[in-house]
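Coordinates as given in entry_4.tsv (TSV, C-alpha atoms):
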chain	number	residue	atom	x	y	z
C	321	MET	CA	24.92	13.83	-16.84
C	322	ARG	CA	26.36	10.51	-17.91
C	323	CYS	CA	24.50	8.15	-20.26
C	324	PHE	CA	24.47	5.40	-17.62
C	325	ARG	CA	22.55	7.64	-15.19
C	326	ALA	CA	20.24	8.90	-17.94
C	327	ARG	CA	19.31	5.36	-18.98
C	328	SER	CA	18.51	4.33	-15.44
C	329	TRP	CA	15.94	7.16	-15.36
C	330	LEU	CA	14.37	6.52	-18.77
C	331	PHE	CA	11.61	4.17	-17.60
C	332	ALA	CA	10.60	6.40	-14.69
C	333	TYR	CA	10.61	9.30	-17.14
C	334	LEU	CA	8.26	7.42	-19.49
C	335	ASP	CA	6.00	6.66	-16.54
C	336	GLY	CA	5.95	10.31	-15.50
C	337	GLU	CA	7.43	9.41	-12.13
C	338	LEU	CA	10.62	11.49	-12.23
C	339	SER	CA	10.95	14.53	-9.99
C	340	GLU	CA	10.92	17.94	-11.66
C	341	ARG	CA	14.66	18.42	-11.18
C	342	ARG	CA	15.60	15.00	-12.56
C	343	ARG	CA	13.22	15.33	-15.48
C	344	ALA	CA	14.78	18.64	-16.47
C	345	ALA	CA	18.28	17.16	-16.21
C	346	LEU	CA	17.28	14.13	-18.28
C	347	GLU	CA	15.55	16.19	-20.95
C	348	ASP	CA	18.63	18.35	-21.18
C	349	HIS	CA	20.76	15.24	-21.68
C	350	LEU	CA	18.36	13.80	-24.28
C	351	MET	CA	18.60	16.98	-26.33
C	352	ARG	CA	22.34	16.46	-26.64
C	353	CYS	CA	22.71	12.64	-26.70
C	354	SER	CA	21.39	10.88	-29.79
C	355	ARG	CA	22.06	7.41	-28.38
C	356	CYS	CA	19.99	8.01	-25.26
C	357	SER	CA	17.22	9.55	-27.40
C	358	ALA	CA	17.22	6.43	-29.57
C	359	GLU	CA	17.07	4.32	-26.41
C	360	LEU	CA	14.05	6.34	-25.26
C	361	CYS	CA	12.27	5.74	-28.59
C	362	SER	CA	13.01	2.02	-28.43
C	363	SER	CA	11.75	1.81	-24.81
C	364	LYS	CA	8.54	3.58	-25.84
C	365	LYS	CA	8.01	1.09	-28.67
C	366	GLN	CA	8.66	-1.88	-26.41
C	367	TRP	CA	6.23	-0.55	-23.81
C	368	ALA	CA	3.60	-0.13	-26.53
C	369	GLY	CA	4.51	-3.57	-27.92
C	370	LEU	CA	3.32	-5.18	-24.70
C	371	ALA	CA	-0.20	-4.55	-25.97
C	372	ASN	CA	0.45	-7.42	-28.41
C	373	VAL	CA	-0.08	-9.75	-25.50
C	374	GLY	CA	-3.72	-9.70	-26.62
C	375	PRO	CA	-6.96	-8.64	-24.97
C	376	ALA	CA	-8.12	-10.09	-21.69
C	377	PRO	CA	-11.24	-12.24	-22.14
C	378	SER	CA	-14.48	-10.95	-20.69
C	379	ILE	CA	-15.55	-12.26	-17.33
C	380	PRO	CA	-17.58	-15.50	-17.55
C	381	SER	CA	-21.29	-14.78	-17.17
C	382	ASP	CA	-21.87	-17.68	-14.78
C	383	LEU	CA	-19.13	-16.68	-12.35
C	384	TRP	CA	-21.44	-14.98	-9.85
C	385	GLY	CA	-23.34	-18.26	-9.51
C	386	HIS	CA	-20.07	-20.00	-8.68
C	387	VAL	CA	-19.23	-17.35	-6.09
C	388	ILE	CA	-22.58	-17.98	-4.36
C	389	GLN	CA	-22.02	-21.73	-4.55
C	390	ALA	CA	-18.54	-21.33	-3.00
C	391	LEU	CA	-20.00	-19.12	-0.25
C	392	ASN	CA	-22.65	-21.71	0.55
C	393	GLU	CA	-20.00	-24.42	0.71
C	394	ALA	CA	-17.79	-22.24	2.93
C	395	GLU	CA	-20.72	-21.70	5.32
C	396	ARG	CA	-21.19	-25.45	5.65
C	397	LEU	CA	-17.57	-25.96	6.65
C	398	PRO	CA	-16.91	-26.73	10.34
C	399	TRP	CA	-15.65	-23.73	12.34
C	400	TYR	CA	-12.12	-25.11	12.73
C	401	ARG	CA	-11.68	-25.36	8.95
C	402	LEU	CA	-13.16	-21.94	8.38
C	403	HIS	CA	-10.81	-20.34	10.91
C	404	ARG	CA	-7.78	-22.55	10.38
C	405	VAL	CA	-5.47	-19.61	9.73
C	406	GLN	CA	-6.46	-17.93	12.99
C	407	ILE	CA	-6.16	-21.24	14.84
C	408	PHE	CA	-2.70	-21.79	13.38
C	409	ARG	CA	-1.64	-18.28	14.39
C	410	ALA	CA	-2.98	-18.73	17.92
C	411	ALA	CA	-1.15	-22.07	18.19
C	412	CYS	CA	2.10	-20.45	17.02
C	413	VAL	CA	1.76	-17.61	19.53
C	414	THR	CA	1.00	-20.06	22.36
C	415	ALA	CA	3.99	-22.22	21.39
C	416	CYS	CA	6.27	-19.15	21.32
C	417	VAL	CA	5.05	-17.98	24.75
C	418	ALA	CA	5.53	-21.47	26.21
C	419	LEU	CA	9.00	-21.69	24.69
C	420	GLY	CA	9.81	-18.28	26.17
C	421	PHE	CA	8.72	-19.38	29.65
C	422	VAL	CA	10.72	-22.62	29.48
C	423	SER	CA	13.84	-20.83	28.18
C	424	GLY	CA	13.49	-18.14	30.84
C	425	ALA	CA	13.15	-20.73	33.58
C	426	LEU	CA	16.18	-22.65	32.32
C	427	LEU	CA	18.32	-19.53	32.04
C	428	SER	CA	17.42	-18.28	35.51
C	429	TRP	CA	18.00	-21.69	37.18
C	430	ARG	CA	21.17	-21.60	39.29
C	431	GLY	CA	21.34	-25.27	40.15
C	432	PRO	CA	20.10	-27.12	43.30
C	433	PRO	CA	20.31	-25.47	46.78
C	434	ALA	CA	23.82	-25.44	48.28
C	435	ASP	CA	22.97	-27.64	51.34
C	436	SER	CA	21.66	-30.46	49.17
C	437	VAL	CA	24.97	-30.79	47.33
C	438	ARG	CA	27.26	-33.52	48.54
C	439	PRO	CA	30.77	-32.16	49.29
C	440	GLU	CA	33.30	-33.30	46.77
C	441	ILE	CA	35.79	-35.81	48.20
C	442	SER	CA	38.74	-37.50	46.58
C	443	VAL	CA	38.97	-41.20	45.66
C	444	SER	CA	41.19	-42.00	48.61
C	445	GLU	CA	38.72	-40.32	50.98
C	446	GLU	CA	35.90	-42.32	49.43
C	447	MET	CA	37.85	-45.48	50.14
C	448	LEU	CA	38.33	-44.41	53.76
C	449	VAL	CA	34.59	-43.83	54.12
C	450	ALA	CA	33.79	-47.23	52.62
C	451	GLU	CA	36.31	-48.96	54.90
C	452	ALA	CA	34.93	-47.21	58.00
C	453	PHE	CA	31.37	-48.17	57.20
C	454	ASP	CA	32.40	-51.76	56.48
C	455	ALA	CA	34.17	-51.87	59.84
C	456	THR	CA	31.21	-50.57	61.84
C	457	ALA	CA	28.83	-52.83	59.94
C	458	PHE	CA	30.83	-55.95	60.82
C	459	GLY	CA	31.57	-54.82	64.40
C	460	LEU	CA	35.37	-54.75	64.06
C	461	GLY	CA	35.95	-52.59	67.04
C	462	GLN	CA	36.43	-49.05	68.28
C	463	GLU	CA	39.76	-48.45	66.53
C	464	LYS	CA	38.14	-48.74	63.07
C	465	GLU	CA	35.46	-46.21	64.03
C	466	GLY	CA	38.32	-43.79	64.62
C	467	LEU	CA	38.77	-43.72	60.84
C	468	LEU	CA	35.53	-41.76	60.49
C	469	ARG	CA	37.04	-38.91	62.46
C	470	CYS	CA	39.88	-38.65	59.88
C	471	ILE	CA	37.42	-37.90	57.05
C	472	PRO	CA	37.14	-34.19	56.29
C	473	LYS	CA	33.67	-32.73	56.82
H	1126	MET	CA	-32.21	3.09	0.95
H	1127	GLU	CA	-29.89	1.12	-1.32
H	1128	PRO	CA	-26.22	1.54	-0.49
H	1129	THR	CA	-24.18	3.05	-3.31
H	1130	ASP	CA	-20.81	3.92	-1.86
H	1131	ASP	CA	-18.13	1.18	-1.69
H	1132	LYS	CA	-17.64	1.72	2.03
H	1133	GLN	CA	-21.35	1.48	2.75
H	1134	LEU	CA	-21.50	-1.66	0.63
H	1135	MET	CA	-18.62	-3.15	2.61
H	1136	ARG	CA	-20.44	-2.42	5.87
H	1137	SER	CA	-23.48	-4.26	4.52
H	1138	VAL	CA	-21.29	-7.14	3.30
H	1139	ALA	CA	-19.73	-7.36	6.78
H	1140	ALA	CA	-23.28	-7.72	8.14
H	1141	GLY	CA	-23.77	-10.68	5.77
H	1142	ASP	CA	-25.73	-8.95	2.99
H	1143	ARG	CA	-25.20	-10.92	-0.22
H	1144	GLN	CA	-26.98	-8.33	-2.34
H	1145	ALA	CA	-24.34	-5.82	-1.31
H	1146	LEU	CA	-21.67	-8.34	-2.28
H	1147	LYS	CA	-23.34	-8.71	-5.67
H	1148	ALA	CA	-23.26	-4.94	-6.13
H	1149	LEU	CA	-19.55	-4.95	-5.30
H	1150	TYR	CA	-19.03	-7.87	-7.67
H	1151	GLU	CA	-20.73	-6.05	-10.51
H	1152	ARG	CA	-18.61	-3.01	-9.85
H	1153	HIS	CA	-15.20	-4.61	-9.39
H	1154	ALA	CA	-15.17	-8.18	-10.73
H	1155	ASP	CA	-13.91	-7.01	-14.12
H	1156	PHE	CA	-10.59	-5.69	-12.88
H	1157	VAL	CA	-10.15	-8.60	-10.49
H	1158	PHE	CA	-10.58	-11.10	-13.34
H	1159	ARG	CA	-8.52	-9.02	-15.77
H	1160	THR	CA	-5.58	-8.64	-13.36
H	1161	ALA	CA	-5.56	-12.34	-12.52
H	1162	TYR	CA	-5.74	-13.22	-16.22
H	1163	ARG	CA	-2.93	-10.82	-17.18
H	1164	PHE	CA	-0.77	-12.31	-14.46
H	1165	LEU	CA	-1.40	-15.98	-15.21
H	1166	PHE	CA	-2.65	-16.01	-18.82
H	1167	ASP	CA	-5.00	-18.78	-17.88
H	1168	GLN	CA	-8.74	-18.24	-18.00
H	1169	GLU	CA	-9.57	-21.09	-15.62
H	1170	ASP	CA	-7.10	-19.86	-13.01
H	1171	ALA	CA	-8.33	-16.28	-13.37
H	1172	ARG	CA	-11.85	-17.53	-12.82
H	1173	ASP	CA	-10.84	-19.49	-9.69
H	1174	ILE	CA	-9.02	-16.47	-8.31
H	1175	THR	CA	-11.93	-14.10	-8.94
H	1176	GLN	CA	-14.27	-16.51	-7.21
H	1177	SER	CA	-11.98	-16.91	-4.21
H	1178	VAL	CA	-11.42	-13.13	-3.97
H	1179	PHE	CA	-15.15	-12.48	-3.57
H	1180	VAL	CA	-15.55	-15.32	-1.09
H	1181	THR	CA	-12.68	-13.71	0.88
H	1182	VAL	CA	-14.40	-10.31	0.65
H	1183	MET	CA	-17.54	-11.80	2.21
H	1184	GLN	CA	-15.60	-13.58	4.94
H	1185	THR	CA	-13.22	-10.75	5.85
H	1186	ALA	CA	-15.32	-7.66	5.17
H	1187	HIS	CA	-15.35	-6.90	8.92
H	1188	ARG	CA	-11.55	-6.48	8.79
H	1189	TYR	CA	-11.69	-3.85	6.05
H	1190	LYS	CA	-10.70	-0.41	7.33
H	1191	PRO	CA	-12.70	2.35	5.62
H	1192	GLU	CA	-9.60	4.61	5.54
H	1193	ALA	CA	-8.15	2.45	2.75
H	1194	LYS	CA	-9.55	2.63	-0.78
H	1195	LEU	CA	-11.58	-0.48	-1.53
H	1196	THR	CA	-9.95	-0.98	-4.93
H	1197	THR	CA	-6.49	-0.96	-3.29
H	1198	TRP	CA	-7.67	-3.50	-0.73
H	1199	LEU	CA	-9.15	-5.66	-3.50
H	1200	TYR	CA	-6.00	-5.41	-5.60
H	1201	ARG	CA	-4.02	-6.53	-2.58
H	1202	VAL	CA	-6.26	-9.58	-2.17
H	1203	VAL	CA	-5.94	-10.37	-5.90
H	1204	VAL	CA	-2.16	-10.01	-5.81
H	1205	ASN	CA	-1.86	-12.31	-2.80
H	1206	ARG	CA	-4.12	-14.87	-4.42
H	1207	CYS	CA	-2.14	-14.69	-7.69
H	1208	LEU	CA	1.22	-15.05	-5.95
H	1209	ASN	CA	-0.04	-18.01	-3.93
H	1210	HIS	CA	-1.53	-19.53	-7.04
H	1211	ARG	CA	1.77	-19.63	-8.88
H	1212	SER	CA	2.76	-23.17	-8.00
H	1213	LYS	CA	-0.45	-24.57	-9.44
H	1214	ALA	CA	-0.13	-22.38	-12.53
H	1215	ASN	CA	3.53	-23.30	-13.02
H	1216	HIS	CA	2.63	-26.95	-12.72
H	1217	ARG	CA	-0.09	-26.56	-15.32
H	1218	LEU	CA	2.24	-24.62	-17.62
H	1219	ARG	CA	4.91	-27.28	-17.35
H	1220	GLY	CA	2.25	-29.84	-18.22
H	1221	SER	CA	1.22	-27.95	-21.33
H	1222	GLN	CA	4.82	-27.11	-22.31
H	1223	ASN	CA	4.47	-23.41	-21.56
H	1224	GLU	CA	1.55	-22.83	-23.87
H	1225	PRO	CA	-1.03	-20.61	-22.21
H	1226	ASP	CA	-4.59	-20.56	-23.42
H	1227	HIS	CA	-4.05	-17.98	-26.16
H	1228	LEU	CA	-4.69	-20.23	-29.10
H	1229	GLU	CA	-8.39	-20.68	-28.39
H	1230	ARG	CA	-9.01	-16.95	-28.97
H	1231	VAL	CA	-6.74	-16.44	-31.95
H	1232	PRO	CA	-8.68	-16.92	-35.20
H	1233	ALA	CA	-8.01	-20.18	-36.98
H	1234	PRO	CA	-5.26	-19.93	-39.61
H	1235	GLU	CA	-7.52	-21.04	-42.42
H	1236	GLU	CA	-9.80	-17.98	-42.08
H	1237	ASN	CA	-8.06	-15.00	-43.72
H	1238	GLN	CA	-4.42	-14.34	-44.50
H	1239	PRO	CA	-3.34	-17.52	-42.75
H	1240	ASP	CA	0.35	-16.66	-42.66
H	1241	ARG	CA	-0.20	-13.31	-40.94
H	1242	LEU	CA	-2.61	-14.74	-38.42
H	1243	MET	CA	-0.27	-17.58	-37.64
H	1244	GLU	CA	2.61	-15.17	-37.25
H	1245	ARG	CA	0.54	-12.97	-34.91
H	1246	ALA	CA	-0.46	-15.94	-32.82
H	1247	GLU	CA	3.16	-17.02	-32.52
H	1248	GLN	CA	4.27	-13.52	-31.58
H	1249	MET	CA	1.56	-13.33	-28.92
H	1250	ALA	CA	2.54	-16.72	-27.54
H	1251	ARG	CA	6.20	-15.76	-27.34
H	1252	LEU	CA	5.38	-12.48	-25.62
H	1253	ARG	CA	3.18	-14.21	-23.06
H	1254	ASN	CA	5.84	-16.78	-22.39
H	1255	ALA	CA	8.43	-14.03	-21.95
H	1256	LEU	CA	6.13	-12.36	-19.40
H	1257	LEU	CA	5.55	-15.65	-17.63
H	1258	GLN	CA	9.31	-16.12	-17.30
H	1259	LEU	CA	9.59	-12.95	-15.21
H	1260	PRO	CA	9.80	-13.31	-11.42
H	1261	GLU	CA	6.29	-13.00	-9.93
H	1262	ARG	CA	6.68	-9.63	-8.25
H	1263	GLN	CA	8.28	-8.08	-11.32
H	1264	ARG	CA	5.49	-9.48	-13.47
H	1265	MET	CA	2.81	-8.21	-11.12
H	1266	ALA	CA	4.37	-4.74	-11.01
H	1267	LEU	CA	4.51	-4.73	-14.81
H	1268	VAL	CA	0.86	-5.85	-15.13
H	1269	LEU	CA	-0.31	-3.21	-12.67
H	1270	LYS	CA	1.67	-0.48	-14.43
H	1271	ARG	CA	1.15	-1.42	-18.07
H	1272	PHE	CA	-2.39	-2.74	-18.06
H	1273	GLU	CA	-3.98	-1.23	-14.95
H	1274	GLU	CA	-2.11	2.07	-15.38
H	1275	MET	CA	-1.41	2.46	-11.68
H	1276	SER	CA	1.11	4.92	-10.27
H	1277	TYR	CA	4.26	3.73	-8.47
H	1278	GLU	CA	2.69	4.80	-5.19
H	1279	GLU	CA	-0.44	2.74	-5.78
H	1280	ILE	CA	1.60	-0.29	-6.85
H	1281	ALA	CA	3.76	0.08	-3.74
H	1282	GLU	CA	0.64	0.09	-1.59
H	1283	VAL	CA	-0.75	-3.00	-3.32
H	1284	LEU	CA	2.52	-4.94	-3.23
H	1285	GLY	CA	3.35	-3.80	0.30
H	1286	CYS	CA	6.74	-2.31	-0.55
H	1287	SER	CA	8.36	1.08	-1.04
H	1288	LYS	CA	8.07	3.29	-4.10
H	1289	SER	CA	11.76	2.79	-4.88
H	1290	SER	CA	11.28	-1.00	-4.75
H	1291	VAL	CA	8.51	-0.64	-7.33
H	1292	GLU	CA	10.82	1.43	-9.51
H	1293	SER	CA	13.48	-1.24	-9.21
H	1294	LEU	CA	11.01	-4.09	-9.94
H	1295	LEU	CA	9.75	-2.31	-13.05
H	1296	PHE	CA	13.27	-1.47	-14.18
H	1297	ARG	CA	14.36	-5.11	-13.97
H	1298	ALA	CA	11.16	-6.36	-15.60
H	1299	ARG	CA	11.62	-3.96	-18.51
H	1300	GLN	CA	15.28	-4.89	-18.88
H	1301	SER	CA	14.26	-8.55	-19.18
H	1302	MET	CA	11.52	-7.70	-21.69
H	1303	LYS	CA	14.00	-5.60	-23.63
H	1304	LYS	CA	16.11	-8.72	-24.18
H	1305	PHE	CA	12.99	-10.45	-25.50
H	1306	PHE	CA	12.19	-7.60	-27.92
H	1307	CYS	CA	15.80	-7.44	-29.13
H	1308	GLU	CA	15.94	-11.16	-29.94

Show this structure as C-alpha cells.
Amino acid sequence: MRCFRARSWLFAYLDGELSERRRAALEDHLMRCSRCSAELCSSKKQWAGLANVGPAPSIPSDLWGHVIQALNEAERLPWYRLHRVQIFRAACVTACVALGFVSGALLSWRGPPADSVRPEISVSEEMLVAEAFDATAFGLGQEKEGLLRCIPK
Amino acid sequence: MEPTDDKQLMRSVAAGDRQALKALYERHADFVFRTAYRFLFDQEDARDITQSVFVTVMQTAHRYKPEAKLTTWLYRVVVNRCLNHRSKANHRLRGSQNEPDHLERVPAPEENQPDRLMERAEQMARLRNALLQLPERQRMALVLKRFEEMSYEEIAEVLGCSKSSVESLLFRARQSMKKFFCE
C-alpha cells in the first residue's frame, strides 16, 4: 500500500469506519511506515485538541417559557402566514401545470385552417387585382372586368 | 396512563398535547441546544434555534413517521435550522469582528495565573474561529462526529447524503483543521 492511500484512510480508521479488509491493510502499512504512524498520532492529537473549543453552556432555564410563548404567538397567526410554505408550494405546482398546458398547446398548434389562408400572389398579380377592382368600381366597362379572369385562383 | 415512549409522545404532540411536548423538550432539548451552540458558537442563536425547533415539532408532529428514530428527525430539524440561520450568524460575526461569545465564560485574567488563562482564552477563540471558517456542511459533519459521536451512517441520514459524502466532508474538514493546528 502506498502512503497516499494510507493517509486517505487514516481518519476513517480513527473513527472506526474502515472495513475489516482495509483496516487490516492499513494496520499492516502502519507497522512498516514510521511517517504514516507519526501522521496517525498527530491526527489523534488534533482530534482530541478539538475539545479545547470549550464546553457548551447549559440550556437556559427560561427557554421552555419562550417556547410556549412562541407557540401561542404562532397560534394567533392568520392561516395564510402559518401555512405560507404549503401555499407557496401549491402556487409553484399550479404555475408549472399551467405553463405545461400553455407550452403543450403552443407546440401542438399547426397554424390556422388551410381554407382560411389567403393564397400567396405576386406583386404584379396584386396590381392586376387592384386595377380590376378599380375598373369595376368606376364602371369602366366590360373589357376591364376581363382582367379578373387573368388572375390565378 | 402517561406516555413514556418518544413515538407515543409524538402522537400526543400531534394531537396538540403541550404536556407531551414538554416531556419531549425535557428529554431532548439539551442536545438540540448543544448542537446549535457547537455549530454557531453563539448562545443567543442557539437559544433561538432550540425554541424554533420545538415550535416546529409541535406544528409538524403529524408529519413524523414512526419508522424513523425521533432523535434523527430532531437532528435533521436542528441541522436545517442551523444551515438556514447562517446568514444571520455570519452577519453578527462580521459585526463583532469574528469574536464569538467565548469571552464571557472564560475566567477573567486577573483571577489566577493571568497569563495562562489569557493564553487559553486566545487559543479557544482561534479554534472557534477556525471552525467557523469551515463550510457549513463540513462544520456540521465535524460537530456531529466529534461532539455528538455519531456514526457516518447516522450523520448521512441527518444531512441527507451518502455515507461516502460524509467521509469526504469529514476528510476535508479535518484537512482544514490540520492546517490550523500546524500553524

Up to 8 Å from chain C, what residues of chain H turn up? Count all atoms listed in the file and give them as a short mmCIF file (atom, residue, chain, number, x, y, z; two decimals) with C-alpha atoms, in the frame of the given file.
data_model
loop_
_atom_site.label_atom_id
_atom_site.label_comp_id
_atom_site.auth_asym_id
_atom_site.auth_seq_id
_atom_site.Cartn_x
_atom_site.Cartn_y
_atom_site.Cartn_z
CA LYS H 1147 -23.34 -8.71 -5.67
CA TYR H 1150 -19.03 -7.87 -7.67
CA ALA H 1154 -15.17 -8.18 -10.73
CA ASP H 1155 -13.91 -7.01 -14.12
CA PHE H 1158 -10.58 -11.10 -13.34
CA ARG H 1159 -8.52 -9.02 -15.77
CA TYR H 1162 -5.74 -13.22 -16.22
CA ARG H 1163 -2.93 -10.82 -17.18
CA GLN H 1168 -8.74 -18.24 -18.00
CA ARG H 1172 -11.85 -17.53 -12.82
CA GLN H 1176 -14.27 -16.51 -7.21
CA SER H 1177 -11.98 -16.91 -4.21
CA PHE H 1179 -15.15 -12.48 -3.57
CA VAL H 1180 -15.55 -15.32 -1.09
CA GLN H 1248 4.27 -13.52 -31.58
CA MET H 1249 1.56 -13.33 -28.92
CA ALA H 1250 2.54 -16.72 -27.54
CA LEU H 1252 5.38 -12.48 -25.62
CA ARG H 1253 3.18 -14.21 -23.06
CA ARG H 1271 1.15 -1.42 -18.07
CA SER H 1276 1.11 4.92 -10.27
CA TYR H 1277 4.26 3.73 -8.47
CA GLU H 1292 10.82 1.43 -9.51
CA PHE H 1296 13.27 -1.47 -14.18
CA LYS H 1303 14.00 -5.60 -23.63
CA PHE H 1306 12.19 -7.60 -27.92
#

> Smallest atom-to-atom distance to Asp1170 in chain H: which of H:Val1182, H:His1210, H:Arg1136, H:Lys1194, using all atoms listed in the file?
Replying inline: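 Answer, going by the shortest atom-to-atom distance: H:His1210.
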
> Quick one: distance from CA of Arg1299 in chain H to CA of Arg1264 in chain H in Å, one decimal?
Replying inline: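 Taking CA of Arg1299 in chain H and CA of Arg1264 in chain H, their separation equals 9.7 Å.
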
> Distance CA of Glu1278 in chain H-CA of Thr1175 in chain H, one decimal place?
Replying inline: 24.2 Å

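Here CA of Asp1173 in chain H stands at a distance of 28.0 Å from CA of Met1302 in chain H.
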
> Which of these residues is nearest to Ala1140 in chain H, using all atoms listed in the file: H:Thr1185, H:Thr1160, H:Ser1293, H:Thr1197?
Replying inline: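 Checking each of H:Thr1185, H:Thr1160, H:Ser1293, H:Thr1197 against Ala1140 in chain H, counting all atoms listed in the file, the winner is H:Thr1185.
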
> Do you know which residues are at most 8 Å from range 1203-1206 of chain H counting all atoms listed in the file, after dropping those on the same chain fewer than 4 positions away, and could you put them as a ChimeraX atom specification?
Replying inline: /H:1157,1160-1161,1174-1175,1178,1199,1210,1265,1283-1284

Report, as lines of an AutoDock Vina configuration file, the axis-aligned box around all atoms of range 427-432 of chain C present in the file, extended by 8 Å on each side; give centre and edge lengths in Å to one decimal place.
center_x = 19.4
center_y = -22.7
center_z = 37.7
size_x = 19.9
size_y = 24.8
size_z = 27.3

>> My list of candidates is H:Asp1130, H:Phe1305, H:Tyr1189, H:Ser1287. Which is closest to Arg1251 in chain H when distances are computed with only C-alpha atoms?
In response: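 Going through H:Asp1130, H:Phe1305, H:Tyr1189, H:Ser1287 one by one, the smallest distance to Arg1251 in chain H is for H:Phe1305.
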